[in-house]
Structures are given as structure tokens and as C-alpha cells.
>>> print(open('query_32.cif').read())   # mmCIF, C-alpha atoms and all ligand atoms
data_query
#
loop_
_atom_site.group_PDB
_atom_site.id
_atom_site.type_symbol
_atom_site.label_atom_id
_atom_site.label_comp_id
_atom_site.auth_asym_id
_atom_site.auth_seq_id
_atom_site.Cartn_x
_atom_site.Cartn_y
_atom_site.Cartn_z
ATOM 1 C CA MET A 1 121.017 127.678 71.814
ATOM 2 C CA ASN A 2 119.981 129.879 74.716
ATOM 3 C CA TYR A 3 116.283 129.595 73.778
ATOM 4 C CA LEU A 4 116.297 125.836 74.432
ATOM 5 C CA ARG A 5 117.598 126.056 77.958
ATOM 6 C CA LYS A 6 115.307 124.897 80.732
ATOM 7 C CA LEU A 7 113.902 127.403 83.141
ATOM 8 C CA PRO A 8 116.087 127.785 86.220
ATOM 9 C CA LYS A 9 114.521 126.668 89.493
ATOM 10 C CA PHE A 10 112.452 129.273 91.337
ATOM 11 C CA ASP A 11 109.639 129.541 93.863
ATOM 12 C CA TYR A 12 106.389 130.905 92.465
ATOM 13 C CA LEU A 13 104.518 133.266 94.777
ATOM 14 C CA ALA A 14 100.861 134.103 94.116
ATOM 15 C CA PRO A 15 99.724 137.232 95.965
ATOM 16 C CA GLN A 16 96.015 138.140 95.873
ATOM 17 C CA SER A 17 96.207 141.866 96.569
ATOM 18 C CA ILE A 18 98.459 144.910 96.066
ATOM 19 C CA PRO A 19 99.464 145.058 99.781
ATOM 20 C CA GLU A 20 100.550 141.390 99.526
ATOM 21 C CA VAL A 21 102.621 142.176 96.410
ATOM 22 C CA CYS A 22 104.284 145.093 98.207
ATOM 23 C CA GLU A 23 105.022 142.943 101.224
ATOM 24 C CA MET A 24 106.700 140.264 99.046
ATOM 25 C CA VAL A 25 108.696 142.832 97.081
ATOM 26 C CA ALA A 26 109.875 144.410 100.342
ATOM 27 C CA ARG A 27 110.772 140.998 101.790
ATOM 28 C CA TYR A 28 112.607 139.473 98.810
ATOM 29 C CA GLY A 29 113.963 142.589 97.059
ATOM 30 C CA SER A 30 116.390 141.807 94.249
ATOM 31 C CA GLU A 31 115.933 138.040 94.749
ATOM 32 C CA ALA A 32 112.441 138.377 93.248
ATOM 33 C CA ARG A 33 110.968 139.392 89.887
ATOM 34 C CA LEU A 34 107.379 140.354 89.200
ATOM 35 C CA MET A 35 105.679 138.392 86.449
ATOM 36 C CA ALA A 36 102.693 139.736 84.511
ATOM 37 C CA GLY A 37 102.068 137.797 81.277
ATOM 38 C CA GLY A 38 105.588 136.367 81.352
ATOM 39 C CA THR A 39 106.115 136.786 77.588
ATOM 40 C CA ASP A 40 109.438 138.544 78.144
ATOM 41 C CA LEU A 41 110.378 137.390 81.625
ATOM 42 C CA ILE A 42 110.264 133.686 80.743
ATOM 43 C CA ILE A 43 112.578 134.261 77.765
ATOM 44 C CA MET A 44 114.958 136.317 79.902
ATOM 45 C CA MET A 45 115.014 133.494 82.458
ATOM 46 C CA ARG A 46 115.638 130.846 79.786
ATOM 47 C CA ARG A 47 118.546 132.909 78.513
ATOM 48 C CA ARG A 48 119.788 133.263 82.118
ATOM 49 C CA GLU A 49 119.688 137.045 81.722
ATOM 50 C CA VAL A 50 117.777 137.035 84.997
ATOM 51 C CA VAL A 51 117.723 134.186 87.506
ATOM 52 C CA PRO A 52 115.280 135.151 90.246
ATOM 53 C CA ARG A 53 114.919 132.949 93.296
ATOM 54 C CA TYR A 54 111.266 134.046 93.578
ATOM 55 C CA VAL A 55 108.785 134.879 90.844
ATOM 56 C CA ILE A 56 105.868 136.957 92.081
ATOM 57 C CA GLY A 57 102.913 136.313 89.761
ATOM 58 C CA LEU A 58 100.472 139.199 89.388
ATOM 59 C CA LYS A 59 97.646 137.258 87.699
ATOM 60 C CA GLY A 60 95.713 136.795 90.941
ATOM 61 C CA VAL A 61 95.603 140.505 91.767
ATOM 62 C CA PRO A 62 92.275 141.768 90.374
ATOM 63 C CA GLU A 63 92.937 145.387 91.449
ATOM 64 C CA LEU A 64 95.623 145.628 88.736
ATOM 65 C CA ASN A 65 93.391 144.536 85.870
ATOM 66 C CA PHE A 66 91.066 147.342 84.782
ATOM 67 C CA ILE A 67 90.421 150.139 82.310
ATOM 68 C CA ARG A 68 88.529 153.020 83.874
ATOM 69 C CA GLU A 69 87.275 156.432 82.856
ATOM 70 C CA GLU A 70 87.691 159.015 85.602
ATOM 71 C CA LYS A 71 85.100 161.658 86.505
ATOM 72 C CA ASP A 72 87.466 164.392 85.248
ATOM 73 C CA GLY A 73 87.620 162.670 81.850
ATOM 74 C CA GLY A 74 90.965 160.916 82.375
ATOM 75 C CA LEU A 75 91.556 157.299 81.480
ATOM 76 C CA ILE A 76 93.383 154.927 83.822
ATOM 77 C CA ILE A 77 94.677 151.542 82.677
ATOM 78 C CA GLY A 78 95.805 148.987 85.259
ATOM 79 C CA ALA A 79 99.211 147.341 84.881
ATOM 80 C CA MET A 80 97.648 143.901 84.263
ATOM 81 C CA ALA A 81 95.350 144.981 81.423
ATOM 82 C CA THR A 82 96.314 142.803 78.467
ATOM 83 C CA SER A 83 97.078 144.068 74.972
ATOM 84 C CA TRP A 84 93.905 142.278 73.840
ATOM 85 C CA THR A 85 91.700 144.014 76.429
ATOM 86 C CA ILE A 86 93.163 147.395 75.484
ATOM 87 C CA GLN A 87 92.860 146.933 71.728
ATOM 88 C CA SER A 88 89.254 145.704 72.012
ATOM 89 C CA SER A 89 88.072 148.261 74.600
ATOM 90 C CA SER A 90 85.414 150.565 73.126
ATOM 91 C CA LEU A 91 86.435 153.178 75.698
ATOM 92 C CA VAL A 92 90.085 153.162 74.576
ATOM 93 C CA ARG A 93 89.115 153.051 70.891
ATOM 94 C CA ARG A 94 86.808 156.045 71.286
ATOM 95 C CA ARG A 95 89.161 158.181 73.376
ATOM 96 C CA TYR A 96 92.694 157.056 72.411
ATOM 97 C CA ASP A 97 92.514 155.171 69.154
ATOM 98 C CA PHE A 98 96.325 155.305 68.719
ATOM 99 C CA LEU A 99 96.675 153.316 71.965
ATOM 100 C CA ALA A 100 94.192 150.657 70.791
ATOM 101 C CA LYS A 101 96.101 150.379 67.505
ATOM 102 C CA THR A 102 99.417 150.114 69.351
ATOM 103 C CA ALA A 103 98.031 147.326 71.563
ATOM 104 C CA ALA A 104 96.761 145.431 68.516
ATOM 105 C CA ASP A 105 100.343 145.294 67.173
ATOM 106 C CA ILE A 106 101.952 143.537 70.164
ATOM 107 C CA GLY A 107 102.843 140.298 68.428
ATOM 108 C CA SER A 108 100.640 137.337 67.571
ATOM 109 C CA ILE A 109 97.062 136.701 68.728
ATOM 110 C CA GLU A 110 98.391 134.436 71.503
ATOM 111 C CA ASN A 111 100.770 137.153 72.644
ATOM 112 C CA LEU A 112 97.975 139.756 72.644
ATOM 113 C CA HIS A 113 95.962 137.705 75.120
ATOM 114 C CA VAL A 114 98.830 137.273 77.581
ATOM 115 C CA SER A 115 101.047 140.370 77.312
ATOM 116 C CA THR A 116 100.202 143.310 79.563
ATOM 117 C CA ILE A 117 100.763 147.039 79.363
ATOM 118 C CA GLY A 118 102.560 146.975 82.741
ATOM 119 C CA GLY A 119 105.006 144.314 81.547
ATOM 120 C CA ASN A 120 105.627 146.236 78.340
ATOM 121 C CA LEU A 121 106.400 149.512 80.114
ATOM 122 C CA CYS A 122 108.503 147.866 82.845
ATOM 123 C CA ASP A 123 110.470 145.751 80.379
ATOM 124 C CA GLY A 124 113.425 148.089 80.264
ATOM 125 C CA PHE A 125 113.643 147.819 76.465
ATOM 126 C CA PRO A 126 113.534 151.303 74.929
ATOM 127 C CA CYS A 127 111.878 149.973 71.756
ATOM 128 C CA VAL A 128 108.697 148.427 73.215
ATOM 129 C CA ASP A 129 105.512 149.588 71.518
ATOM 130 C CA PHE A 130 103.617 151.190 74.419
ATOM 131 C CA ARG A 131 106.502 153.672 74.838
ATOM 132 C CA ARG A 132 105.900 155.084 71.368
HETATM 133 C C1 LIG B 201 106.093 136.370 70.099
HETATM 134 C C2 LIG B 201 106.307 137.717 70.793
HETATM 135 C C3 LIG B 201 106.007 138.874 70.077
HETATM 136 C C4 LIG B 201 106.195 140.126 70.683
HETATM 137 N N1 LIG B 201 105.870 141.268 69.982
HETATM 138 C C5 LIG B 201 106.018 142.479 70.559
HETATM 139 C C6 LIG B 201 105.691 143.678 69.841
HETATM 140 O O1 LIG B 201 105.259 143.655 68.692
HETATM 141 N N2 LIG B 201 105.863 144.870 70.484
HETATM 142 C C7 LIG B 201 106.336 144.943 71.763
HETATM 143 O O2 LIG B 201 106.445 146.036 72.295
HETATM 144 N N3 LIG B 201 106.661 143.815 72.457
HETATM 145 C C8 LIG B 201 106.516 142.606 71.887
HETATM 146 N N4 LIG B 201 106.852 141.467 72.583
HETATM 147 C C9 LIG B 201 107.387 141.584 73.933
HETATM 148 C C10 LIG B 201 106.339 141.389 75.078
HETATM 149 O O3 LIG B 201 105.295 140.498 74.700
HETATM 150 C C11 LIG B 201 105.690 142.724 75.497
HETATM 151 O O4 LIG B 201 106.658 143.661 75.876
HETATM 152 C C12 LIG B 201 104.671 142.513 76.641
HETATM 153 O O5 LIG B 201 103.810 143.632 76.727
HETATM 154 C C13 LIG B 201 105.352 142.249 77.976
HETATM 155 O O6 LIG B 201 104.305 142.075 78.907
HETATM 156 P P1 LIG B 201 104.239 140.833 79.890
HETATM 157 O O7 LIG B 201 102.985 141.030 80.669
HETATM 158 O O8 LIG B 201 104.370 139.536 79.178
HETATM 159 O O9 LIG B 201 105.540 141.134 80.772
HETATM 160 P P2 LIG B 201 106.437 140.106 81.623
HETATM 161 O O10 LIG B 201 107.229 139.249 80.714
HETATM 162 O O11 LIG B 201 105.619 139.441 82.671
HETATM 163 O O12 LIG B 201 107.386 141.170 82.351
HETATM 164 C C14 LIG B 201 108.330 141.941 81.625
HETATM 165 C C15 LIG B 201 109.221 142.706 82.630
HETATM 166 O O13 LIG B 201 108.453 143.674 83.345
HETATM 167 C C16 LIG B 201 108.473 143.380 84.765
HETATM 168 N N5 LIG B 201 107.101 143.646 85.219
HETATM 169 C C17 LIG B 201 105.972 143.075 84.743
HETATM 170 N N6 LIG B 201 104.891 143.635 85.329
HETATM 171 C C18 LIG B 201 105.359 144.552 86.203
HETATM 172 C C19 LIG B 201 104.724 145.461 87.120
HETATM 173 N N7 LIG B 201 103.380 145.536 87.231
HETATM 174 N N8 LIG B 201 105.502 146.286 87.865
HETATM 175 C C20 LIG B 201 106.879 146.240 87.742
HETATM 176 N N9 LIG B 201 107.532 145.399 86.902
HETATM 177 C C21 LIG B 201 106.773 144.571 86.140
HETATM 178 C C22 LIG B 201 108.914 141.934 84.877
HETATM 179 O O14 LIG B 201 109.580 141.675 86.106
HETATM 180 C C23 LIG B 201 109.855 141.805 83.693
HETATM 181 O O15 LIG B 201 111.121 142.338 84.024
HETATM 182 C C24 LIG B 201 106.704 140.200 72.013
HETATM 183 C C25 LIG B 201 107.018 139.012 72.697
HETATM 184 C C26 LIG B 201 106.831 137.782 72.098
HETATM 185 C C27 LIG B 201 107.165 136.539 72.876
#
>>> encode(input="query_32.cif", output="C-alpha cells")
Amino acid sequence: MNYLRKLPKFDYLAPQSIPEVCEMVARYGSEARLMAGGTDLIIMMRRREVVPRYVIGLKGVPELNFIREEKDGGLIIGAMATSWTIQSSSLVRRRYDFLAKTAADIGSIENLHVSTIGGNLCDGFPCVDFRR
């Protein structure tokens, strides 16, 4: 079964800032994949659907993890905000309750804590929930 295959070998890169991420993406191009929560990427790698030589982990980039209300009333959500953070944010619940409810539906409690909105939207699957 594809699910039981071991992860292929890769080098894990841990940038600390957005400029560092950009530099790594520019350097390694299609040899690298970004990893947010990894809930989809790890499965894709185990199935050998993608076999990146480098995995660029985004966990150590604090600038990507935020939910912020703008002065003009807009709401900005960083790519690394987790489904859990979004579904439990009083700001999101008050302003965009449908988004909080969507986030609350992204799988099990474990998955909620790890999966991110950026990973969901960049997944490439047309059926992911944040695209609704
Ligand atoms: C048990 C389980 C239940 C699930 N239930 C649901 C569900 O109900 N609804 C649903 O929609 N999905 C579901 N999923 C799928 C998955 O959890 C979500 O799509 C999740 O939001 C993906 O986020 P991630 O942070 O784990 O992404 P990752 O797996 O880290 O990344 C997914 C893809 O996006 C790319 N990527 C990640 N971050 C970025 C970025 N900042 N910029 C560019 N590319 C990026 C990665 O390279 C990869 O190709 C489930 C998965 C599991 C394992």
C-alpha cells in the first residue's frame, strides 16, 4: 500500500524569515517544496507523488503566523495560521463566521492544530474547504 511507504530522503531547511524563504525558493526551485503543517505534503511524499530533494519548513517564520484587523476594516490572515487558530479567533468569528466554521471542519482535532490556511489554499486540490 502506498500509505505504508517510508518517506523518501530529503534535506530539511528551516528558514527564520520571509527573505530567507524567498532566497531558498529562488536557489532550489523545483527541487524544493514548502511545508506548512505537512498534513498533505507528507502523504504526497509517502505516495511518491512528490519527491523533493529539499523541504523548506515554514514553522520557524513568525511573520507568516498572524490574524490581523486592518485600519480600513479588512482582515488579513497569514499563511501559517492554523485551522484551530482561525476557528477559535474571536475576531474571525465576529467578522467572518463562515470562515471560522469552515476552519472548524478541517478534519480531526489533531489535524486542526497542525493544518494551515496557506497549505490548504496552495494544495492544488479544487475541493479543499477554504476554497468554498
Ligand atoms: C486526517 C486529515 C483530514 C483532513 N480533512 C480535511 C478537510 O476536512 N478539509 C480540507 O479541506 N482538507 C482536509 N485535509 C487536508 C489538509 O489537512 C488541509 O488541506 C490542510 O489545510 C493543509 O495544510 P498544511 O499546512 O498541512 O499543508 P502542507 O501539507 O504543509 O502543504 C500542502 C501543499 O501546499 C504547499 N504549501 C504549503 N504552504 C505553502 C505556502 N505558504 N506557500 C506556497 N505553498 C505552500 C506545500 O508545498 C504542499 O504542496 C485533511 C488531511 C488529513 C490528513
>>> atom_distance(input="query_32.cif", atom1="atom CA of Val128 of chain A", atom2="atom CA of Ile42 of chain A")
16.6 Å
>>> resolve_selection(input="query_32.cif", expression="the PyMOL selection byres (((chain A and resi 12-15) around 12) and not hetatm)", output="compact mmCIF listing (two decimals) with C-alpha atoms, keeping the file's coordinate frame")
# COMPACT_ATOMS: atom_id res chain seq x y z
CA PRO A 8 116.09 127.78 86.22
CA LYS A 9 114.52 126.67 89.49
CA PHE A 10 112.45 129.27 91.34
CA ASP A 11 109.64 129.54 93.86
CA GLN A 16 96.02 138.14 95.87
CA SER A 17 96.21 141.87 96.57
CA ILE A 18 98.46 144.91 96.07
CA PRO A 19 99.46 145.06 99.78
CA GLU A 20 100.55 141.39 99.53
CA VAL A 21 102.62 142.18 96.41
CA CYS A 22 104.28 145.09 98.21
CA GLU A 23 105.02 142.94 101.22
CA MET A 24 106.70 140.26 99.05
CA VAL A 25 108.70 142.83 97.08
CA TYR A 28 112.61 139.47 98.81
CA ALA A 32 112.44 138.38 93.25
CA ARG A 33 110.97 139.39 89.89
CA LEU A 34 107.38 140.35 89.20
CA MET A 35 105.68 138.39 86.45
CA ALA A 36 102.69 139.74 84.51
CA PRO A 52 115.28 135.15 90.25
CA ARG A 53 114.92 132.95 93.30
CA TYR A 54 111.27 134.05 93.58
CA VAL A 55 108.78 134.88 90.84
CA ILE A 56 105.87 136.96 92.08
CA GLY A 57 102.91 136.31 89.76
CA LEU A 58 100.47 139.20 89.39
CA LYS A 59 97.65 137.26 87.70
CA GLY A 60 95.71 136.79 90.94
CA VAL A 61 95.60 140.50 91.77
CA PRO A 62 92.28 141.77 90.37
CA GLU A 63 92.94 145.39 91.45
CA LEU A 64 95.62 145.63 88.74
>>> resolve_selection(input="query_32.cif", expression="the PyMOL selection byres (((not hetatm)) within 10 of (chain B and resi 201))", output="ChimeraX atom specification")
/A:21,32-45,50,52,55-59,64,78-83,102-132
>>> residues_around(input="query_32.cif", residues="Ile77 of chain A", least_positions_apart="5", cutoff="9 Å", atoms="all atoms listed in the file", output="PyMOL selection string")
chain A and resi 64-69+86+117
>>> atom_distance(input="query_32.cif", atom1="atom CA of Ser89 of chain A", atom2="atom CA of Gly73 of chain A")
16.1 Å
>>> atom_distance(input="query_32.cif", atom1="atom CA of Ala26 of chain A", atom2="atom CA of Ile76 of chain A")
25.6 Å
>>> closest_residue(input="query_32.cif", among="A:Ser90, A:Lys101, A:Lys6, A:Glu31", to="Arg48 of chain A", atoms="all atoms listed in the file")
A:Lys6
>>> axis_aligned_box(input="query_32.cif", around="segment 80-84 of chain A", padding_each_side="4 Å", output="AutoDock Vina command-line options")
--center_x 95.8 --center_y 143.6 --center_z 79.1 --size_x 11.7 --size_y 10.7 --size_z 18.4
